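In what follows, a structure is listed as structure tokens, so that the remarks can point back to it.
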Amino acid sequence: MLRRVCLLTALLVFSFACTFTNPIAPPFAGEGVSSPPEGSSKSPTPQPTATPTPLPTPLPAVRIEQADRYIFYGDYERALQEYQIAYEGAADSETRAAALVGVGHANYLLRKYQEATQALITVIEYYPDSSHRANAAFFLGQCFSALGNHQQAAEAYGNYASLKPGVLDAYVLELRGDEFAAMGDLQKAIEAYEAAKLVASGAAQIGLQIKVANQYAALGDNENALRRYMDIYQNTTDDYTKAQMDLLMGRIYLALGEADQAYARFMDAVENYPKAYDSYSALVALVEAGVPVDDIDRGLVNYFARQYGLAIDAFKRYLDATPVHDGTAHYYKGLAHQAIGDYESAIVEWNALIQDHAGDRFWIDAWEDKVFTLWFHLQRYQSAANELLQFVSLYPTADQAGSFLYQAGRLLERAGNLADAAATWERMITEYPADSLSYRGLFLAGVTRYRLMEYGPAQIIFQRALVLATETGDSAAAYYWIAKTLDAQGDIANARSYWEKAAQADPMGYYSERAAEALEGKKPFSLTEKYNLTVDLDEERKQAESWFRSTFVLEANTDLSGLGALASDRRVLAADALWELGMYREADALFDQLREEIKGDPVNCYRLLNHVLELGFYRQAILLSRQILDLAQVGENRLLAAPLYFNHIRFGLYYKDMVLDAAKRENFHPFLLFALIRQESFFDGFAGSVAGARGVMQIMPATGQDIASKLGYPANFTADDLDRPNVSIRLGVYYLAQQRTIFGGNVYKALAAYNAGAGREMQEWSDIAGDDPDLFLEVIRYAETRRYVQQIVEFAYIYQHLYGN
């Protein structure tokens with residue numbers, strides 16, 4: 001039995017001379033780990049026969065499958081219960097082994113490492129023929145690593161690689177190397193990393209090369225370390241990695257007493273890769289050694305390392321000593337002043353760049369940063385608008401002139417100068433008709449006239465917008481706002497006529513749905529209380545396959561029931577294995593690669609769609625559904641007429657029980673919550689943003705901590721809990737309910753606040769719009785937030801179309 005002696009030793013080391021309580025009571029009917037479970041192949045010491053327990057319903061295999069889903073959803077406690085019941089009711093060894101692996105995994109996720117380890121070692125010891133031993137070994141490695149038992153962790157990862165070769169070798173061997181490195185066995189770490197390198201690809205190669213070089217450096221094998229660092233430096237295109245290699249090589253050269261070589265590496269980092277923090281470390285080493293460094297380089301490196309005072313001093317020295325210079329020092333000196341709140345000094349620097357360095361690569365940036373500082377930091381809206389209008393007057397043919405005119409209108413609107421704002425926005429369609437913002441500017445001019453209660457001029461502007469509209473959504477919006485202006489003028493008959501046109505212009509679009517509500521006298525965003533959330537995807541799939549075969553003219557023998565050739569694709573094999581190990585983010589990345597590669601192949605798109613849907617990778621399924629409909633040339637206005645299977649996937653009822661529970665608890669319509677989650681993450685439980693938001697509800701960790709403290713759920717909250725859909729949905733819907741309370745029950749405003757925060761800006765939009773949801777939507781000044789609210793409302797209408805009675 002593979003590594004059996006080592007694992008028994010590991011168990012003894014792990015026990016710490018204590019007696020474990022049985023974590024899966026009563027799986028062994030009073031026996032300890034020393035006795036084999038029923039169904040194993042190892043001969044036990046005779047024991048009294050326990051009274052058989054009747055098989056539970058559902059069957060153990062079904063319970064295990066459901067428990068796997070609970071793990072995916074983040075409900076570890078419930079998963080553990082299901083695994084335990086499955087173990088107790090299983091009659092065959094393979095099912096019992098699967099249940100025990102689940103018990104170990106769930107306990108690991110619950111940070112109950114001793115209980116997890118006992119269950120996992122039981123699988124390896126007493127189920128020698130089980131296909132689940134490999135996963136048990138992997139989870140055992142995770143447990144030992146969490147406990148700091150790195151030798152045992154390395155052995156366990158090695159067992160996984162031996163038991164399941166050729167699938168996740170690079171990934172697991174790297175973990176094995178990490179454990180050896182953590183315990184100080186650097187030579188074995190090198191061997192593991194080198195073995196991983198042989199089967200790794202892409203970016204993973206560079207990471208492994210760095211780890212190997214680091215181990216040689218730690219061993220004092222400077223020659224090998226230097227050679228490998230230089231190889232990495234020469235073969236990478238990433239500036240941050242190059243700076244890191246420069247720093248590491250420089251430090252070795254210093255240790256060897258080769259100062260000139262060291263300073264050359266440090267200088268290379270400083271001069272060529274100023275954005276990398278390792279370049280700042282290199283700069284510090286040069287300065288401390290008294291090596292002269294050009295002040296422009298010192299300034300840039302200090303700026304990117306957020307050492308703003310040092311950056312300002314360096315730029316000043318450079319400008320004083322260099323009469324002939326470009327705009328770089330002025331630009332970054334201005335940014336450094338801005339970063340420390342010295343806004344007036346920042347503007348001085350940007351003015352110097354604008355006046356003395358026309359055409360400089362930072363010239364336009366100087367204009368933009370100057371204007372931003374005036375309005376955002378100093379609240380000088382009129383002054384900022386005047387700067388932009390001056391630019392347009394001086395440089396009317398500049399590429400930025402149109403967008404600057406649009407921004408000027410926005411700043412005048414912020415300043416409360418609505419008449420000038422409307423006039424400025426109206427100029428755009430005449431002076432810059434080809435600019436991407438011109439149509440939006442015209443529309444905002446109409447909205448602003450409406451705010452001024454100049455309904456006649458507003459109507460004329462919207463009629464002009466209708467003539468110029470090129471998208472059905474724009475036509476619906478123009479019709480709708482013409483109706484609003486007519487309604488405001490008391491012309492109800494003509495208003496209804498335009499609402500009828502708006503309702504027909506863009507089915508399922510925001511303004512078409514709002515027009516339909518207006519015609520029926522319904523309140524804004526009225527969602528039906530009658531709906532059917534029962535969907536038979538299996539039956540719908542049969543109908544979809546018939547359409548699919550006909551649409552893409554497939555040969556009769558084309559098999560669509562499984563993955564076909566994709567079943568042997570290394571990415572599918574690896575992704576499936578990662579899914580079994582709970583490494584969902586890593587699996588999703590592999591499916592991303594494959595989906596992009598097959599995007600022009602409808603058959604493989606369809607096969608992969610069904611596979612990822614079954615696994616629960618809902619974002620992938622949604623994207624693949626749309627790829628298939630695009631390949632079928634189903635137009636935007638015909639998407640909802642496509643087979644229900646694809647639309648029930650694109651707008652799925654994912655996490656249904658959790659969503660319904662949250663909807664009931666916080667009194668929200670479930671369609672709104674499904675729409676919100678779709679907009680936030682495409683139902684991706686492990687989604688992340690560049691800002692740091694996480695999970696299906698895209699919650700910031702600090703916000704999650706605050707909500708968890710208020711709810712007392714989950715216990716011992718950490719940021720990783722946001723990757724658990726059951727936690728994210730509970731916290732996110734609670735937060736949305738808070739925003740709704742703040743804004744007097746207004747769902748539109750709650751959605752906007754969920755996206756943009758409930759600060760001063762949000763309060764201003766609320767005050768401007770009052771109870772008018774359409775006006776509120778249009779006065780949202782952040783394009784992202786406006787699209788966000790509109791998209792969620794549209795998605796909710798689509799859910800109503802698909803699931804409402």
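Every chain in the structure tokens has a letter given in the order shown (A, B, ...), and although residue numbers restart at 1 in each chain, ligands are simply numbered from 1 in the order shown.
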Find the residues of range 661-716 of chain A that sit at most 8 Å from range 779-802 of chain A; for each, write down the nearest two atoms and how far apart they are in Å, to one decimal. Count only C-alpha atoms. Sort by chain, then by number going up, and give it as a Markdown table.
| residue | atom | partner | partner_atom | distance |
| --- | --- | --- | --- | --- |
| A:Phe671 | CA | A:Ala796 | CA | 5.2 |
| A:Leu672 | CA | A:Ala796 | CA | 5.3 |
| A:Phe674 | CA | A:Ala796 | CA | 7.4 |
| A:Ala675 | CA | A:Phe795 | CA | 5.1 |
| A:Leu676 | CA | A:Ile792 | CA | 5.7 |
| A:Gln679 | CA | A:Ile792 | CA | 6.4 |
Residue contacts of Gln66 in chain A (10 Å, only C-alpha atoms) excluding same-chain residues fewer than 3 positions away, as a PyMOL selection string = chain A and resi 60-63+69-72+78-79+82-83
Just the residues within 12 Å of range 186-199 of chain A, please, counting only C-alpha atoms, with nothing from its chain fewer than 2 positions along; format it as a ChimeraX atom specification.
-> /A:150-151,154-155,157-158,161,165-184,201-221,224-225,570
Which residues in range 354-603 of chain A does DSSP call helix (DSSP H, G or I)? List them as a ChimeraX atom specification.
-> /A:354-356,363-377,381-394,401-414,418-431,438-451,455-468,472-488,492-505,510-520,537-551,564-568,570-580,584-597,602-603
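Residues in contact with Pro457 in chain A at 12 Å, where only C-alpha atoms are counted and same-chain residues fewer than 2 positions away are skipped, are listed as A:Ala419, A:Ala422, A:Ala423, A:Glu426, A:Ala445, A:Gly446, A:Val447, A:Thr448, A:Arg449, A:Tyr450, A:Arg451, A:Leu452, A:Met453, A:Glu454, A:Tyr455, A:Gln459, A:Ile460, A:Ile461, A:Phe462, A:Gln463, A:Arg464, A:Ile482, A:Thr485, A:Leu486, A:Gln489.
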Could you dump the residues just selected with C-alpha atoms as a compact mmCIF listing (two decimals), in the first residue's frame?
# COMPACT_ATOMS: atom_id res chain seq x y z
CA ALA A 419 -29.36 76.48 -18.45
CA ALA A 422 -28.17 72.27 -21.35
CA ALA A 423 -26.82 74.73 -23.89
CA GLU A 426 -26.76 70.83 -27.12
CA ALA A 445 -29.81 68.52 -22.65
CA GLY A 446 -33.43 67.38 -22.91
CA VAL A 447 -33.41 65.98 -19.38
CA THR A 448 -31.95 69.23 -18.06
CA ARG A 449 -34.62 71.33 -19.83
CA TYR A 450 -37.19 69.00 -18.26
CA ARG A 451 -35.66 69.68 -14.83
CA LEU A 452 -36.00 73.41 -15.57
CA MET A 453 -39.68 72.73 -16.36
CA GLU A 454 -39.02 73.96 -19.90
CA TYR A 455 -41.17 71.15 -21.28
CA GLN A 459 -39.83 67.94 -26.13
CA ILE A 460 -38.10 69.40 -29.19
CA ILE A 461 -34.73 68.08 -28.05
CA PHE A 462 -36.15 64.60 -27.45
CA GLN A 463 -37.81 64.64 -30.87
CA ARG A 464 -34.41 65.47 -32.38
CA ILE A 482 -41.41 62.88 -25.34
CA THR A 485 -42.89 66.16 -21.58
CA LEU A 486 -46.33 65.94 -23.18
CA GLN A 489 -47.85 69.87 -20.46
With a distance cut-off of 12 Å and only C-alpha atoms, select the neighbouring residues of Gly290 in chain A, excluding the residue or stretch itself and same-chain residues fewer than 5 positions from it, and output the selection as a PyMOL selection string.
-> chain A and resi 259+263+283-285
Give me a file of those residues, with C-alpha atoms, as a PDB file, in the first residue's frame.
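Saved to part_34.pdb:
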ATOM      1  CA  ALA A 259      29.556  46.126  -5.470  1.00  0.00           C
ATOM      2  CA  TYR A 263      24.830  48.703  -8.273  1.00  0.00           C
ATOM      3  CA  LEU A 283      16.943  52.917  -4.995  1.00  0.00           C
ATOM      4  CA  VAL A 284      17.263  52.821  -1.208  1.00  0.00           C
ATOM      5  CA  ALA A 285      20.305  50.550  -1.541  1.00  0.00           C
TER       6      ALA A 285
END
Name all residues at most 9 Å from Ala329 in chain A (count only C-alpha atoms; drop same-chain ones fewer than 6 positions away) and give them as a list in words.
->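 That gives Ile296, Gly299, Leu300, Phe315, Lys316, Tyr318, Leu319 and Glu349 of chain A.
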Export of prior selection with all heavy atoms as a CSV table (one decimal), in the first residue's frame:
chain,number,residue,atom,x,y,z
A,296,ILE,N,15.5,62.7,-11.8
A,296,ILE,CA,14.2,62.4,-12.4
A,296,ILE,C,13.8,60.9,-12.1
A,296,ILE,O,12.7,60.6,-11.9
A,296,ILE,CB,14.3,62.7,-13.9
A,296,ILE,CG1,12.9,62.5,-14.6
A,296,ILE,CG2,15.3,61.8,-14.6
A,296,ILE,CD1,11.9,63.6,-14.1
A,299,GLY,N,12.8,60.7,-8.5
A,299,GLY,CA,11.5,61.2,-8.3
A,299,GLY,C,10.4,60.2,-8.7
A,299,GLY,O,9.4,60.0,-8.0
A,300,LEU,N,10.6,59.6,-9.9
A,300,LEU,CA,9.6,58.6,-10.4
A,300,LEU,C,9.5,57.4,-9.5
A,300,LEU,O,8.4,57.0,-9.1
A,300,LEU,CB,10.0,58.2,-11.8
A,300,LEU,CG,9.8,59.3,-12.9
A,300,LEU,CD1,10.4,58.8,-14.2
A,300,LEU,CD2,8.3,59.6,-13.1
A,315,PHE,N,12.1,65.9,-7.8
A,315,PHE,CA,11.6,66.6,-9.0
A,315,PHE,C,12.1,68.1,-8.9
A,315,PHE,O,12.4,68.7,-9.9
A,315,PHE,CB,10.1,66.5,-9.1
A,315,PHE,CG,9.7,65.1,-9.5
A,315,PHE,CD1,8.6,64.5,-8.9
A,315,PHE,CD2,10.3,64.4,-10.6
A,315,PHE,CE1,8.2,63.3,-9.2
A,315,PHE,CE2,9.8,63.2,-11.0
A,315,PHE,CZ,8.8,62.6,-10.3
A,316,LYS,N,12.0,68.7,-7.8
A,316,LYS,CA,12.4,70.1,-7.6
A,316,LYS,C,13.9,70.2,-7.9
A,316,LYS,O,14.3,71.2,-8.7
A,316,LYS,CB,12.1,70.6,-6.2
A,316,LYS,CG,12.4,72.1,-6.0
A,316,LYS,CD,12.1,72.6,-4.7
A,316,LYS,CE,12.3,74.1,-4.5
A,316,LYS,NZ,13.6,74.5,-4.9
A,318,TYR,N,15.7,68.3,-9.8
A,318,TYR,CA,15.8,68.1,-11.2
A,318,TYR,C,15.5,69.3,-12.0
A,318,TYR,O,16.2,69.7,-12.9
A,318,TYR,CB,15.0,66.9,-11.7
A,318,TYR,CG,14.9,66.7,-13.2
A,318,TYR,CD1,15.9,66.0,-13.8
A,318,TYR,CD2,13.8,67.1,-13.9
A,318,TYR,CE1,15.9,65.9,-15.2
A,318,TYR,CE2,13.8,67.0,-15.3
A,318,TYR,CZ,14.8,66.3,-15.9
A,318,TYR,OH,14.8,66.2,-17.3
A,319,LEU,N,14.3,69.9,-11.7
A,319,LEU,CA,13.9,71.1,-12.5
A,319,LEU,C,14.8,72.3,-12.3
A,319,LEU,O,15.1,73.0,-13.2
A,319,LEU,CB,12.5,71.5,-12.1
A,319,LEU,CG,11.4,70.5,-12.5
A,319,LEU,CD1,10.0,70.8,-11.8
A,319,LEU,CD2,11.2,70.5,-14.0
A,349,GLU,N,2.0,73.2,-11.0
A,349,GLU,CA,2.9,72.4,-11.8
A,349,GLU,C,2.2,72.0,-13.2
A,349,GLU,O,2.9,72.1,-14.2
A,349,GLU,CB,3.2,71.1,-11.1
A,349,GLU,CG,4.1,71.2,-9.9
A,349,GLU,CD,5.4,71.9,-10.2
A,349,GLU,OE1,6.0,71.6,-11.3
A,349,GLU,OE2,5.9,72.7,-9.3
Can you tell me, as JSON, numbers by chain, what residues are no more than 7 Å from range 719-726 of chain A when counting only C-alpha atoms, ignoring any on the same chain fewer than 6 positions away?
-> {"A": [73, 74, 75, 658, 685, 686, 694, 695, 696, 701]}
Write the residues you've just listed into a file as a PDB file, in the first residue's frame, and include N, CA and C atoms for each of them.
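Final file, result_12.pdb:
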ATOM      1  N   TYR A  73     -21.646  25.655  -2.631  1.00  0.00           N
ATOM      2  CA  TYR A  73     -22.425  26.821  -2.216  1.00  0.00           C
ATOM      3  C   TYR A  73     -21.874  27.462  -0.943  1.00  0.00           C
ATOM      4  N   GLY A  74     -20.959  26.765  -0.278  1.00  0.00           N
ATOM      5  CA  GLY A  74     -20.364  27.340   0.925  1.00  0.00           C
ATOM      6  C   GLY A  74     -21.055  26.955   2.216  1.00  0.00           C
ATOM      7  N   ASP A  75     -22.007  26.029   2.158  1.00  0.00           N
ATOM      8  CA  ASP A  75     -22.725  25.607   3.361  1.00  0.00           C
ATOM      9  C   ASP A  75     -22.035  24.362   3.919  1.00  0.00           C
ATOM     10  N   MET A 658     -31.472  29.817  -1.635  1.00  0.00           N
ATOM     11  CA  MET A 658     -30.852  30.911  -0.871  1.00  0.00           C
ATOM     12  C   MET A 658     -31.475  32.254  -1.237  1.00  0.00           C
ATOM     13  N   GLY A 685     -19.552  32.402  -7.877  1.00  0.00           N
ATOM     14  CA  GLY A 685     -19.351  32.445  -6.430  1.00  0.00           C
ATOM     15  C   GLY A 685     -17.975  32.883  -6.013  1.00  0.00           C
ATOM     16  N   PHE A 686     -17.006  32.804  -6.897  1.00  0.00           N
ATOM     17  CA  PHE A 686     -15.633  33.156  -6.557  1.00  0.00           C
ATOM     18  C   PHE A 686     -15.162  34.348  -7.378  1.00  0.00           C
ATOM     19  N   ARG A 694     -15.736  40.804  -3.539  1.00  0.00           N
ATOM     20  CA  ARG A 694     -15.662  39.349  -3.682  1.00  0.00           C
ATOM     21  C   ARG A 694     -17.041  38.709  -3.658  1.00  0.00           C
ATOM     22  N   GLY A 695     -17.138  37.566  -4.336  1.00  0.00           N
ATOM     23  CA  GLY A 695     -18.313  36.721  -4.230  1.00  0.00           C
ATOM     24  C   GLY A 695     -19.454  37.089  -5.153  1.00  0.00           C
ATOM     25  N   VAL A 696     -20.547  36.320  -5.062  1.00  0.00           N
ATOM     26  CA  VAL A 696     -21.673  36.526  -5.975  1.00  0.00           C
ATOM     27  C   VAL A 696     -22.296  37.908  -5.813  1.00  0.00           C
ATOM     28  N   PRO A 701     -14.498  43.416   1.550  1.00  0.00           N
ATOM     29  CA  PRO A 701     -14.244  42.752   2.839  1.00  0.00           C
ATOM     30  C   PRO A 701     -14.611  43.593   4.059  1.00  0.00           C
TER      31      PRO A 701
END
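Proximity ranking of A:Glu344, A:Gly759, A:Ile677, A:Gln355 relative to His377 in chain A places A:Glu344 first, based on only C-alpha atoms.
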Which distance in Å separates CA of Asp268 in chain A and CA of Val301 in chain A, to one decimal?
->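 These two atoms are separated by 12.1 Å.
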The distance between CA of Pro433 in chain A and CA of Gly402 in chain A is 8.8 Å
